[in-house]
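So this one's query39.tsv, TSV, C-alpha atoms:
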chain	number	residue	atom	x	y	z
W	1	MET	CA	-178.06	-102.01	-58.59
W	2	GLN	CA	-179.43	-103.85	-55.54
W	3	LEU	CA	-178.28	-107.24	-54.28
W	4	SER	CA	-181.87	-108.43	-54.83
W	5	GLN	CA	-181.45	-107.68	-58.55
W	6	LEU	CA	-178.41	-109.98	-58.64
W	7	SER	CA	-180.49	-112.68	-56.93
W	8	ASP	CA	-183.27	-112.27	-59.49
W	9	LYS	CA	-180.76	-112.47	-62.33
W	10	PHE	CA	-179.15	-115.61	-60.89
W	11	ARG	CA	-182.55	-117.30	-60.74
W	12	ALA	CA	-183.39	-116.16	-64.29
W	13	VAL	CA	-180.07	-117.32	-65.79
W	14	PHE	CA	-179.54	-120.60	-63.92
W	15	ASN	CA	-183.10	-121.47	-62.86
W	16	GLU	CA	-181.83	-121.95	-59.29
W	17	SER	CA	-182.36	-119.99	-56.08
W	18	ASP	CA	-179.81	-121.73	-53.83
W	19	TYR	CA	-176.50	-119.85	-53.91
W	20	ARG	CA	-173.82	-118.19	-51.77
W	21	THR	CA	-172.56	-114.63	-52.28
W	22	PHE	CA	-168.92	-113.53	-52.41
W	23	PHE	CA	-167.16	-110.19	-52.88
W	24	ALA	CA	-163.66	-109.08	-53.82
W	25	PRO	CA	-162.71	-105.39	-53.89
W	26	GLY	CA	-160.81	-103.39	-56.44
W	27	ARG	CA	-157.65	-101.68	-55.29
W	28	ILE	CA	-155.90	-98.39	-55.40
W	29	ASN	CA	-152.20	-97.98	-54.86
W	30	LEU	CA	-151.75	-95.11	-52.45
W	31	ILE	CA	-148.06	-94.67	-53.33
W	32	GLY	CA	-145.25	-96.79	-54.74
W	33	GLU	CA	-145.89	-96.89	-58.48
W	34	HIS	CA	-143.82	-99.03	-60.86
W	35	THR	CA	-141.73	-100.16	-57.88
W	36	ASP	CA	-143.14	-103.69	-57.62
W	37	TYR	CA	-141.13	-105.23	-60.46
W	38	ASN	CA	-138.07	-103.28	-59.29
W	39	GLY	CA	-137.90	-105.14	-55.97
W	40	GLY	CA	-139.34	-102.21	-54.04
W	41	HIS	CA	-142.31	-101.48	-51.83
W	42	VAL	CA	-145.87	-100.63	-52.75
W	43	PHE	CA	-148.67	-99.25	-50.58
W	44	PRO	CA	-152.03	-100.47	-51.86
W	45	ALA	CA	-155.45	-100.53	-50.22
W	46	SER	CA	-158.64	-102.39	-51.10
W	47	ILE	CA	-161.64	-100.20	-51.90
W	48	THR	CA	-165.38	-100.60	-51.46
W	49	LYS	CA	-166.03	-101.08	-55.16
W	50	GLY	CA	-165.39	-104.51	-56.58
W	51	THR	CA	-166.80	-107.77	-57.92
W	52	PHE	CA	-169.75	-109.74	-56.57
W	53	ALA	CA	-170.16	-113.44	-57.34
W	54	LEU	CA	-173.25	-115.53	-56.66
W	55	ALA	CA	-172.34	-119.20	-56.87
W	56	ARG	CA	-173.58	-122.74	-56.31
W	57	LYS	CA	-172.08	-126.20	-56.71
W	58	ARG	CA	-173.46	-128.46	-59.43
W	59	ASP	CA	-173.80	-132.24	-59.43
W	60	ASP	CA	-172.01	-132.68	-62.75
W	61	GLN	CA	-168.74	-131.50	-64.39
W	62	LYS	CA	-170.23	-128.45	-66.08
W	63	ILE	CA	-168.99	-124.91	-65.38
W	64	ARG	CA	-171.46	-122.14	-66.30
W	65	MET	CA	-170.51	-118.49	-65.88
W	66	TYR	CA	-172.44	-115.31	-66.59
W	67	SER	CA	-171.43	-111.68	-66.16
W	68	MET	CA	-173.92	-108.85	-65.82
W	69	ASN	CA	-171.17	-106.56	-67.14
W	70	PHE	CA	-170.98	-108.50	-70.42
W	71	GLU	CA	-174.55	-109.67	-70.85
W	72	GLN	CA	-174.22	-109.72	-74.64
W	73	VAL	CA	-171.74	-112.61	-74.27
W	74	GLY	CA	-174.36	-114.74	-72.51
W	75	VAL	CA	-173.58	-117.84	-70.46
W	76	ILE	CA	-170.05	-119.16	-70.97
W	77	GLU	CA	-169.94	-122.92	-70.54
W	78	PHE	CA	-167.10	-125.44	-70.32
W	79	GLU	CA	-166.24	-128.73	-68.60
W	80	LEU	CA	-164.11	-129.25	-65.51
W	81	ASN	CA	-161.78	-131.53	-67.50
W	82	ASN	CA	-161.16	-128.85	-70.16
W	83	LEU	CA	-159.60	-125.80	-68.53
W	84	GLU	CA	-157.50	-124.54	-71.44
W	85	TYR	CA	-157.37	-120.83	-72.28
W	86	ASP	CA	-160.01	-120.04	-74.91
W	87	LYS	CA	-160.16	-116.63	-76.55
W	88	GLN	CA	-163.89	-117.16	-77.17
W	89	HIS	CA	-164.43	-117.34	-73.41
W	90	ASP	CA	-163.40	-113.71	-73.05
W	91	TRP	CA	-163.58	-112.45	-69.41
W	92	ALA	CA	-164.30	-115.99	-68.09
W	93	ASN	CA	-160.67	-116.94	-68.70
W	94	TYR	CA	-159.82	-115.23	-65.37
W	95	PRO	CA	-161.96	-117.52	-63.17
W	96	LYS	CA	-161.18	-120.46	-65.48
W	97	GLY	CA	-157.46	-119.87	-64.86
W	98	MET	CA	-158.03	-119.90	-61.08
W	99	LEU	CA	-159.88	-123.19	-61.39
W	100	ARG	CA	-157.19	-124.70	-63.58
W	101	TYR	CA	-154.29	-123.89	-61.25
W	102	LEU	CA	-156.21	-124.94	-58.13
W	103	CYS	CA	-156.82	-128.32	-59.79
W	104	GLU	CA	-153.20	-128.56	-61.01
W	105	LYS	CA	-151.95	-127.94	-57.48
W	106	GLY	CA	-154.00	-130.84	-56.21
W	107	TYR	CA	-156.94	-129.09	-54.59
W	108	ASP	CA	-160.02	-131.32	-54.58
W	109	ILE	CA	-162.63	-129.79	-56.90
W	110	GLN	CA	-164.83	-132.62	-58.12
W	111	THR	CA	-167.91	-130.90	-59.55
W	112	GLY	CA	-168.84	-127.92	-61.66
W	113	VAL	CA	-170.36	-124.60	-60.56
W	114	ASP	CA	-172.85	-121.97	-61.68
W	115	VAL	CA	-171.56	-118.44	-61.09
W	116	LEU	CA	-173.04	-115.01	-61.77
W	117	TYR	CA	-170.60	-112.08	-61.64
W	118	TYR	CA	-171.28	-108.38	-61.31
W	119	GLY	CA	-168.59	-105.73	-60.93
W	120	ASN	CA	-169.02	-102.04	-60.13
W	121	ILE	CA	-165.38	-101.13	-60.84
W	122	PRO	CA	-165.27	-98.77	-63.86
W	123	ASN	CA	-163.93	-100.85	-66.77
W	124	GLY	CA	-160.48	-99.84	-67.99
W	125	ALA	CA	-159.93	-97.44	-65.09
W	126	GLY	CA	-156.87	-99.22	-63.71
W	127	LEU	CA	-158.48	-100.22	-60.39
W	128	SER	CA	-157.68	-103.86	-61.06
W	129	SER	CA	-160.96	-105.44	-62.08
W	130	SER	CA	-159.15	-108.53	-63.42
W	131	ALA	CA	-157.47	-109.33	-60.08
W	132	SER	CA	-160.82	-108.69	-58.38
W	133	ILE	CA	-162.44	-111.38	-60.59
W	134	GLU	CA	-159.54	-113.75	-59.88
W	135	LEU	CA	-159.75	-113.39	-56.09
W	136	VAL	CA	-163.54	-113.49	-55.81
W	137	SER	CA	-163.34	-116.71	-57.84
W	138	GLY	CA	-160.56	-118.11	-55.66
W	139	VAL	CA	-162.52	-117.42	-52.48
W	140	LEU	CA	-165.75	-118.93	-53.84
W	141	PHE	CA	-163.93	-122.12	-54.95
W	142	LYS	CA	-162.25	-122.32	-51.55
W	143	LYS	CA	-165.54	-121.93	-49.66
W	144	LEU	CA	-167.79	-124.05	-51.89
W	145	PHE	CA	-165.35	-126.97	-51.90
W	146	ASN	CA	-163.97	-126.51	-48.34
W	147	LEU	CA	-160.41	-126.21	-49.60
W	148	THR	CA	-157.64	-125.82	-47.04
W	149	ILE	CA	-155.66	-123.12	-48.79
W	150	ASP	CA	-153.67	-120.27	-47.31
W	151	ARG	CA	-154.76	-116.79	-48.44
W	152	VAL	CA	-151.28	-115.85	-49.65
W	153	GLU	CA	-151.26	-119.05	-51.76
W	154	LEU	CA	-154.57	-117.95	-53.31
W	155	VAL	CA	-153.00	-114.55	-54.04
W	156	LYS	CA	-150.03	-116.25	-55.75
W	157	ILE	CA	-152.37	-118.36	-57.88
W	158	GLY	CA	-154.11	-115.13	-58.95
W	159	GLN	CA	-150.78	-113.74	-60.14
W	160	LEU	CA	-150.03	-117.03	-61.91
W	161	VAL	CA	-153.32	-116.71	-63.81
W	162	GLU	CA	-152.38	-113.18	-64.89
W	163	ASN	CA	-148.83	-114.12	-65.92
W	164	LYS	CA	-149.16	-117.62	-67.40
W	165	PHE	CA	-152.81	-118.05	-68.36
W	166	ILE	CA	-153.70	-114.54	-69.56
W	167	GLY	CA	-150.14	-113.58	-70.52
W	168	VAL	CA	-149.76	-110.23	-68.74
W	169	ASN	CA	-146.34	-109.80	-67.15
W	170	SER	CA	-147.55	-108.06	-63.97
W	171	GLY	CA	-146.38	-108.12	-60.37
W	172	ILE	CA	-148.23	-109.46	-57.35
W	173	MET	CA	-149.48	-106.18	-55.87
W	174	ASP	CA	-153.03	-106.24	-57.29
W	175	GLN	CA	-153.85	-109.74	-56.12
W	176	PHE	CA	-152.16	-109.16	-52.76
W	177	ALA	CA	-154.06	-105.95	-52.03
W	178	ILE	CA	-157.38	-107.53	-53.01
W	179	GLY	CA	-156.75	-110.78	-51.16
W	180	MET	CA	-155.22	-109.30	-48.01
W	181	GLY	CA	-157.02	-105.95	-47.74
W	182	LYS	CA	-158.21	-104.68	-44.36
W	183	GLU	CA	-160.78	-102.02	-43.53
W	184	ASN	CA	-159.31	-98.52	-42.94
W	185	SER	CA	-155.77	-99.77	-43.57
W	186	GLY	CA	-153.15	-99.52	-46.26
W	187	ILE	CA	-150.66	-102.36	-46.79
W	188	LEU	CA	-146.94	-101.68	-47.03
W	189	LEU	CA	-145.78	-104.63	-49.12
W	190	ASN	CA	-142.29	-105.70	-50.10
W	191	CYS	CA	-142.93	-107.25	-53.51
W	192	ASP	CA	-139.64	-109.15	-53.36
W	193	THR	CA	-140.18	-111.00	-50.07
W	194	LEU	CA	-143.97	-110.56	-49.60
W	195	ALA	CA	-143.26	-109.18	-46.13
W	196	TYR	CA	-146.12	-106.81	-45.33
W	197	GLU	CA	-147.36	-104.46	-42.66
W	198	TYR	CA	-150.75	-102.81	-42.20
W	199	ALA	CA	-150.80	-99.06	-41.70
W	200	PRO	CA	-153.71	-97.13	-40.18
W	201	LEU	CA	-155.51	-95.00	-42.73
W	202	ASP	CA	-157.36	-92.71	-40.37
W	203	LEU	CA	-158.53	-90.08	-42.81
W	204	ASP	CA	-160.40	-88.09	-40.20
W	205	GLU	CA	-162.19	-85.26	-42.08
W	206	HIS	CA	-160.91	-86.40	-45.49
W	207	PHE	CA	-161.84	-89.05	-48.01
W	208	ILE	CA	-160.24	-90.61	-51.07
W	209	LEU	CA	-161.55	-89.24	-54.34
W	210	ILE	CA	-160.96	-91.42	-57.39
W	211	MET	CA	-160.77	-89.32	-60.55
W	212	ASN	CA	-161.24	-91.32	-63.74
W	213	THR	CA	-159.84	-89.76	-66.91
W	214	ASN	CA	-162.32	-91.85	-68.93
W	215	LYS	CA	-159.46	-92.64	-71.26
W	216	ARG	CA	-158.83	-96.36	-71.51
W	217	ARG	CA	-155.21	-97.30	-70.96
W	218	GLU	CA	-154.41	-98.27	-74.55
W	219	LEU	CA	-150.68	-97.58	-74.22
W	220	ALA	CA	-150.26	-99.01	-70.76
W	221	ASP	CA	-149.28	-102.59	-71.64
W	222	SER	CA	-146.68	-101.74	-74.27
W	223	LYS	CA	-145.17	-98.90	-72.21
W	224	TYR	CA	-145.22	-101.08	-69.10
W	225	ASN	CA	-143.01	-103.65	-70.84
W	226	GLU	CA	-140.80	-100.88	-72.21
W	227	ARG	CA	-140.28	-99.31	-68.75
W	228	ARG	CA	-139.62	-102.69	-67.21
W	229	SER	CA	-136.94	-103.36	-69.81
W	230	GLU	CA	-135.38	-99.92	-69.26
W	231	CYS	CA	-135.13	-100.55	-65.52
W	232	GLU	CA	-133.52	-103.95	-66.15
W	233	GLN	CA	-130.92	-102.30	-68.40
W	234	ALA	CA	-130.18	-99.64	-65.76
W	235	LEU	CA	-129.82	-102.31	-63.09
W	236	LYS	CA	-127.33	-104.29	-65.20
W	237	GLN	CA	-125.14	-101.21	-65.56
W	238	LEU	CA	-125.22	-100.58	-61.79
W	239	GLN	CA	-124.43	-104.25	-61.10
W	240	GLN	CA	-121.07	-103.87	-62.86
W	241	LYS	CA	-119.83	-102.22	-59.65
W	242	LEU	CA	-122.58	-102.81	-57.06
W	243	ASP	CA	-123.77	-106.02	-55.40
W	244	ILE	CA	-127.53	-105.37	-55.67
W	245	LYS	CA	-130.34	-107.63	-56.86
W	246	ALA	CA	-132.88	-104.90	-57.65
W	247	LEU	CA	-133.21	-101.13	-57.87
W	248	GLY	CA	-135.39	-101.33	-54.76
W	249	ASN	CA	-132.31	-102.43	-52.77
W	250	MET	CA	-130.72	-98.99	-53.18
W	251	SER	CA	-131.10	-95.91	-51.01
W	252	THR	CA	-131.37	-92.51	-52.67
W	253	THR	CA	-127.90	-91.63	-51.30
W	254	GLN	CA	-126.42	-94.76	-52.89
W	255	PHE	CA	-128.14	-93.95	-56.15
W	256	GLU	CA	-126.77	-90.41	-56.27
W	257	GLN	CA	-123.26	-91.75	-55.60
W	258	HIS	CA	-123.43	-94.34	-58.36
W	259	LYS	CA	-125.86	-93.01	-60.99
W	260	HIS	CA	-122.93	-92.18	-63.26
W	261	LEU	CA	-122.65	-95.93	-63.92
W	262	ILE	CA	-125.87	-95.64	-65.94
W	263	THR	CA	-124.59	-94.19	-69.18
W	264	ASN	CA	-127.92	-93.41	-70.84
W	265	GLU	CA	-129.81	-90.35	-69.56
W	266	ILE	CA	-133.27	-91.89	-70.08
W	267	LEU	CA	-132.29	-95.10	-68.28
W	268	GLN	CA	-130.91	-92.99	-65.44
W	269	LYS	CA	-134.25	-91.16	-65.09
W	270	ARG	CA	-136.16	-94.45	-65.01
W	271	ALA	CA	-133.90	-95.84	-62.29
W	272	LYS	CA	-134.10	-92.61	-60.31
W	273	HIS	CA	-137.88	-92.90	-60.17
W	274	ALA	CA	-137.74	-96.52	-58.98
W	275	VAL	CA	-135.26	-95.72	-56.18
W	276	TYR	CA	-136.82	-92.46	-54.99
W	277	GLU	CA	-140.37	-93.79	-55.21
W	278	ASN	CA	-139.42	-96.75	-53.03
W	279	GLU	CA	-138.03	-94.37	-50.41
W	280	ARG	CA	-141.17	-92.19	-50.57
W	281	THR	CA	-143.26	-95.31	-49.95
W	282	LEU	CA	-141.32	-96.13	-46.78
W	283	GLN	CA	-141.67	-92.52	-45.65
W	284	ALA	CA	-145.43	-92.76	-46.24
W	285	LEU	CA	-145.67	-95.55	-43.64
W	286	VAL	CA	-143.98	-93.33	-41.06
W	287	ALA	CA	-146.27	-90.40	-41.93
W	288	LEU	CA	-149.45	-92.48	-41.57
W	289	LYS	CA	-148.33	-94.13	-38.33
W	290	SER	CA	-147.75	-90.71	-36.80
W	291	GLY	CA	-151.03	-89.36	-38.21
W	292	ASN	CA	-149.23	-86.80	-40.37
W	293	LEU	CA	-151.63	-86.55	-43.31
W	294	ALA	CA	-150.04	-83.33	-44.57
W	295	GLU	CA	-146.70	-85.12	-45.04
W	296	PHE	CA	-148.49	-88.06	-46.65
W	297	GLY	CA	-150.10	-85.63	-49.10
W	298	ARG	CA	-146.71	-84.06	-49.90
W	299	LEU	CA	-145.31	-87.52	-50.71
W	300	LEU	CA	-148.25	-88.22	-53.06
W	301	ASN	CA	-147.55	-85.00	-54.96
W	302	ALA	CA	-143.84	-85.82	-55.23
W	303	SER	CA	-144.75	-89.28	-56.53
W	304	HIS	CA	-146.82	-87.84	-59.37
W	305	THR	CA	-144.08	-85.35	-60.29
W	306	SER	CA	-141.59	-88.21	-60.54
W	307	LEU	CA	-143.99	-90.34	-62.61
W	308	ARG	CA	-144.51	-87.37	-64.94
W	309	ASN	CA	-140.91	-86.16	-65.28
W	310	ASP	CA	-138.67	-89.20	-64.69
W	311	TYR	CA	-140.82	-92.21	-65.56
W	312	GLU	CA	-142.95	-90.42	-68.17
W	313	VAL	CA	-146.09	-92.52	-67.80
W	314	THR	CA	-148.72	-89.90	-66.97
W	315	GLY	CA	-149.94	-88.18	-70.16
W	316	ILE	CA	-152.04	-85.05	-70.57
W	317	GLU	CA	-155.23	-86.56	-69.13
W	318	LEU	CA	-153.75	-87.61	-65.79
W	319	ASP	CA	-151.60	-84.48	-65.52
W	320	THR	CA	-154.64	-82.25	-66.12
W	321	LEU	CA	-156.65	-83.99	-63.38
W	322	VAL	CA	-153.83	-84.04	-60.84
W	323	GLU	CA	-152.66	-80.49	-61.46
W	324	ALA	CA	-156.28	-79.26	-61.25
W	325	ALA	CA	-156.57	-81.05	-57.89
W	326	TRP	CA	-153.32	-79.52	-56.62
W	327	ALA	CA	-154.75	-76.06	-57.30
W	328	GLN	CA	-157.76	-76.59	-54.99
W	329	GLU	CA	-157.86	-75.57	-51.35
W	330	GLY	CA	-158.76	-78.63	-49.29
W	331	VAL	CA	-156.76	-81.17	-51.34
W	332	LEU	CA	-154.00	-82.71	-49.21
W	333	GLY	CA	-152.34	-84.45	-52.14
W	334	ALA	CA	-153.04	-86.08	-55.50
W	335	ARG	CA	-151.33	-88.38	-57.97
W	336	MET	CA	-151.95	-90.84	-60.76
W	337	THR	CA	-152.44	-94.45	-59.67
W	338	GLY	CA	-151.97	-97.60	-61.72
W	339	ALA	CA	-149.93	-98.16	-64.86
W	340	GLY	CA	-150.54	-94.70	-66.32
W	341	PHE	CA	-151.48	-93.40	-69.79
W	342	GLY	CA	-155.11	-93.00	-68.79
W	343	GLY	CA	-156.99	-94.70	-66.03
W	344	CYS	CA	-157.33	-92.98	-62.67
W	345	ALA	CA	-155.79	-90.53	-60.26
W	346	ILE	CA	-156.51	-90.24	-56.55
W	347	ALA	CA	-156.84	-87.19	-54.34
W	348	PHE	CA	-157.16	-86.84	-50.57
W	349	VAL	CA	-159.93	-84.31	-50.13
W	350	GLU	CA	-161.51	-82.45	-47.21
W	351	LYS	CA	-165.09	-83.71	-46.88
W	352	ASN	CA	-166.68	-80.32	-46.30
W	353	LYS	CA	-165.03	-78.82	-49.40
W	354	ALA	CA	-165.59	-81.82	-51.68
W	355	PRO	CA	-168.48	-80.54	-53.88
W	356	LYS	CA	-166.62	-77.32	-54.68
W	357	ILE	CA	-163.35	-79.19	-55.33
W	358	ILE	CA	-164.96	-81.76	-57.64
W	359	LYS	CA	-166.81	-79.04	-59.59
W	360	ALA	CA	-163.60	-77.05	-60.12
W	361	ILE	CA	-161.56	-80.08	-61.26
W	362	GLU	CA	-164.42	-81.21	-63.51
W	363	GLU	CA	-164.59	-77.83	-65.26
W	364	ILE	CA	-160.83	-77.61	-65.81
W	365	TYR	CA	-160.67	-81.15	-67.18
W	366	GLU	CA	-163.60	-80.77	-69.57
W	367	LYS	CA	-162.30	-77.43	-70.84
W	368	THR	CA	-158.84	-78.94	-71.49
W	369	MET	CA	-159.82	-82.38	-72.81
W	370	GLY	CA	-163.23	-81.72	-74.39
W	371	TYR	CA	-164.95	-84.50	-72.43
W	372	LYS	CA	-165.81	-85.22	-68.82
W	373	ALA	CA	-163.95	-87.07	-66.08
W	374	SER	CA	-165.82	-89.25	-63.58
W	375	PHE	CA	-165.48	-89.01	-59.81
W	376	TYR	CA	-166.01	-91.66	-57.14
W	377	GLU	CA	-165.78	-91.35	-53.39
W	378	VAL	CA	-164.47	-94.59	-51.88
W	379	SER	CA	-163.72	-96.02	-48.50
W	380	ILE	CA	-161.05	-98.55	-47.64
W	381	GLY	CA	-162.67	-101.93	-47.03
W	382	ASP	CA	-161.80	-105.57	-46.41
W	383	GLY	CA	-160.25	-107.96	-48.89
W	384	ALA	CA	-161.99	-110.82	-50.72
W	385	LYS	CA	-164.52	-112.70	-48.59
W	386	GLU	CA	-167.87	-114.42	-48.42
W	387	TRP	CA	-170.47	-111.67	-48.38
W	388	ASP	CA	-172.16	-111.00	-45.05
W	389	GLY	CA	-174.77	-108.57	-46.36
W	390	GLY	CA	-173.10	-105.42	-45.01
W	391	PRO	CA	-171.54	-102.55	-46.97
W	392	PRO	CA	-170.25	-101.88	-49.64
W	393	THR	CA	-173.34	-101.28	-51.73
W	394	VAL	CA	-173.70	-103.18	-54.97
Rewrite the structure from the file as structure tokens, please.
Amino acid sequence: MQLSQLSDKFRAVFNESDYRTFFAPGRINLIGEHTDYNGGHVFPASITKGTFALARKRDDQKIRMYSMNFEQVGVIEFELNNLEYDKQHDWANYPKGMLRYLCEKGYDIQTGVDVLYYGNIPNGAGLSSSASIELVSGVLFKKLFNLTIDRVELVKIGQLVENKFIGVNSGIMDQFAIGMGKENSGILLNCDTLAYEYAPLDLDEHFILIMNTNKRRELADSKYNERRSECEQALKQLQQKLDIKALGNMSTTQFEQHKHLITNEILQKRAKHAVYENERTLQALVALKSGNLAEFGRLLNASHTSLRNDYEVTGIELDTLVEAAWAQEGVLGARMTGAGFGGCAIAFVEKNKAPKIIKAIEEIYEKTMGYKASFYEVSIGDGAKEWDGGPPTV
């Protein structure tokens, strides 16, 4: 897909050639999985795959939206004074939610828009295509209407859309990574306070390989809510003796001293993952700042082991991919990323060994699962912005 094809499509759909182009990336979480809602740290990065939006202001109150990913749906149309959730509007509820909350918060949006969207994030892969749509929409509304809005505020509105408008009880990491991303940097983020720090991601002779199980994450939402509830129960038992607000407030030493307060073995395992994973995430910052990629890789491997054994959110597909990657010479580290139960894993791979590594993992996965995985090489790019015509490719 070329940018010129998006231009042609915009003209064909809206009969207009005057537009501005915007882009918001997808994200991967390098380490720190299922820590966000436990008051811990996460370590996401924005990638060079994402969502493009071509947009223009209208002179009336009409909103018209079209996605090249869901062409069968056609143009979705609604009025600026009717921004209620509508199941019939399908994917367009994400940008509609952004528009609604911007208006509710008093930002001056007086006319409608025409917007064409195109995303090259694999659907259902867990690379956060929904937050990418939210933030590309937020940025285009900000720019088209000259809104004075802080980027972190835009990120918070994106989370509000997810939680209140769509009804998914997720944390702020996805929107934050996509809104605040920086080229060749990871972001250590405290999900409790929103304090953040950029960390250099100088991969040298390595790159990030995204390995897609090609299994949609059917179980992810229900298990996500279940794990969240289990962690809340574990926290309540710890709070009988400890003055802590979240599992992320504990050190691993503290946890080992007080884990007996959690009377259920499964709840204890869930809490152990949250506490240890938070500590691994802090250690990852130190490793990257000192350029110790080998230690960073070791932490990734330990993260996956914990997600498999203690949090139990991996499943055979992700375990097969990750364990196949671990077996290859030239892989620094690998783990699942995202909610789990399908979706993607990441591996840090030596560039000169990549074709051999991918072929070996591919063969193991297909032999085990009976169908193929997909592989994508990505770079770490900037967060949501008006498009300047440079990379990434469409």
Box dimensions and centre (Å, one decimal) enclosing segment 158-177 of chain W, axis-aligned, 3 Å extra per side, as AutoDock Vina command-line options:
--center_x -150.2 --center_y -112.0 --center_z -61.3 --size_x 13.8 --size_y 18.1 --size_z 24.5
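Separating atom CA of Val115 of chain W from atom CA of Ala55 of chain W is a distance of 4.4 Å.
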Within 10 Å of (-164.4, -109.7, -69.2) in the file's own coordinates, which protein, DNA or RNA residues have an atom, counting only C-alpha atoms? List them as a list in words. Ser67, Asn69, Phe70, Val73, His89, Asp90, Trp91, Ala92, Asn93, Tyr94, Asn123, Ser129, Ser130 and Ile133 of chain W
Top pick for closest residue to Lys164 of chain W, considering W:Leu144, W:Lys182, W:Leu267, W:Glu84 and counting all atoms listed in the file: W:Glu84
Could you tell me how far atom CA of Met173 of chain W lies from atom CA of Asn82 of chain W, in Å and to one decimal?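 Rounded to one decimal, the two atoms are 29.2 Å apart.
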I'd like a table as a tab-separated table: residues in segment 97-172 of chain W with an atom no more than 10 Å from segment 223-245 of chain W, each row giving the shortest atom pair and its distance in Å to one decimal, all atoms listed in the file counted, sorted by chain and rising residue number.
residue	atom	partner	partner_atom	distance
W:Val168	CA	W:Asn225	CA	9.7
W:Asn169	CA	W:Asn225	CA	7.9
W:Ser170	CA	W:Tyr224	CA	9.0
May I ask which of the residues W:Ala287, W:Val378, W:Ala271, W:Leu188 is the closest one to Asp310 of chain W, counting only C-alpha atoms?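 Closest candidate: W:Ala271.
Counting from atom CA of Ile63 of chain W, the distance to atom CA of Phe23 of chain W is 19.4 Å.
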Closest atom pairs, segment 21-62 of chain W residues within 12 Å of segment 315-335 of chain W, all atoms listed in the file, as a Markdown table:
| residue | atom | partner | partner_atom | distance |
| --- | --- | --- | --- | --- |
| W:Ile28 | CA | W:Arg335 | CA | 11.3 |
| W:Asn29 | CA | W:Arg335 | CA | 10.1 |
| W:Leu30 | CA | W:Arg335 | CA | 8.7 |
| W:Ile31 | CA | W:Arg335 | CA | 8.5 |
| W:Gly32 | CA | W:Arg335 | CA | 10.9 |
| W:Glu33 | CA | W:Arg335 | CA | 10.1 |
Taking the point (-169.8, -123.6, -71.1) as given in the file, collect each protein or nucleic acid residue that comes within 12 Å of it, counting all atoms listed in the file, and present the set as a PyMOL selection string. chain W and resi 61-66+73-83+86+88-90+92-93+96+112-115
Export of prior selection with C-alpha atoms as a short mmCIF file (atom, residue, chain, number, x, y, z; two decimals), keeping the file's coordinate frame:
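The resulting out_17.cif:
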data_model
loop_
_atom_site.label_atom_id
_atom_site.label_comp_id
_atom_site.auth_asym_id
_atom_site.auth_seq_id
_atom_site.Cartn_x
_atom_site.Cartn_y
_atom_site.Cartn_z
CA GLN W 61 -168.74 -131.50 -64.39
CA LYS W 62 -170.23 -128.45 -66.08
CA ILE W 63 -168.99 -124.91 -65.38
CA ARG W 64 -171.46 -122.14 -66.30
CA MET W 65 -170.51 -118.49 -65.88
CA TYR W 66 -172.44 -115.31 -66.59
CA VAL W 73 -171.74 -112.61 -74.27
CA GLY W 74 -174.36 -114.74 -72.51
CA VAL W 75 -173.58 -117.84 -70.46
CA ILE W 76 -170.05 -119.16 -70.97
CA GLU W 77 -169.94 -122.92 -70.54
CA PHE W 78 -167.10 -125.44 -70.32
CA GLU W 79 -166.24 -128.73 -68.60
CA LEU W 80 -164.11 -129.25 -65.51
CA ASN W 81 -161.78 -131.53 -67.50
CA ASN W 82 -161.16 -128.85 -70.16
CA LEU W 83 -159.60 -125.80 -68.53
CA ASP W 86 -160.01 -120.04 -74.91
CA GLN W 88 -163.89 -117.16 -77.17
CA HIS W 89 -164.43 -117.34 -73.41
CA ASP W 90 -163.40 -113.71 -73.05
CA ALA W 92 -164.30 -115.99 -68.09
CA ASN W 93 -160.67 -116.94 -68.70
CA LYS W 96 -161.18 -120.46 -65.48
CA GLY W 112 -168.84 -127.92 -61.66
CA VAL W 113 -170.36 -124.60 -60.56
CA ASP W 114 -172.85 -121.97 -61.68
CA VAL W 115 -171.56 -118.44 -61.09
#
For Gly383 of chain W, which residue among W:Glu183, W:Glu197, W:Glu256, W:Glu350 is the nearest when counting all atoms listed in the file? W:Glu183
Nearest to Phe207 of chain W, chosen from W:Lys57, W:Lys351, W:Arg298, W:His260, with all atoms listed in the file counted in the distances: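 Counting all atoms listed in the file, the residue closest to Phe207 of chain W is W:Lys351.
Ranking W:Asn212, W:Asn15, W:Thr281, W:Ser128 by their shortest atom-to-atom distance to Asp174 of chain W, with all atoms listed in the file included, puts W:Ser128 first.
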Tell me, as a ChimeraX atom specification, which residues lie within 12 Å of Asp204 of chain W, counting all atoms listed in the file; anything in the same chain fewer than 5 positions away does not count. /W:184,288,291-293,348-352,379
List the neighbours of Glu153 of chain W out to 12 Å using only C-alpha atoms; skip same-chain residues closer than 2 positions along the sequence, and give me the result as a count of residues only. 26
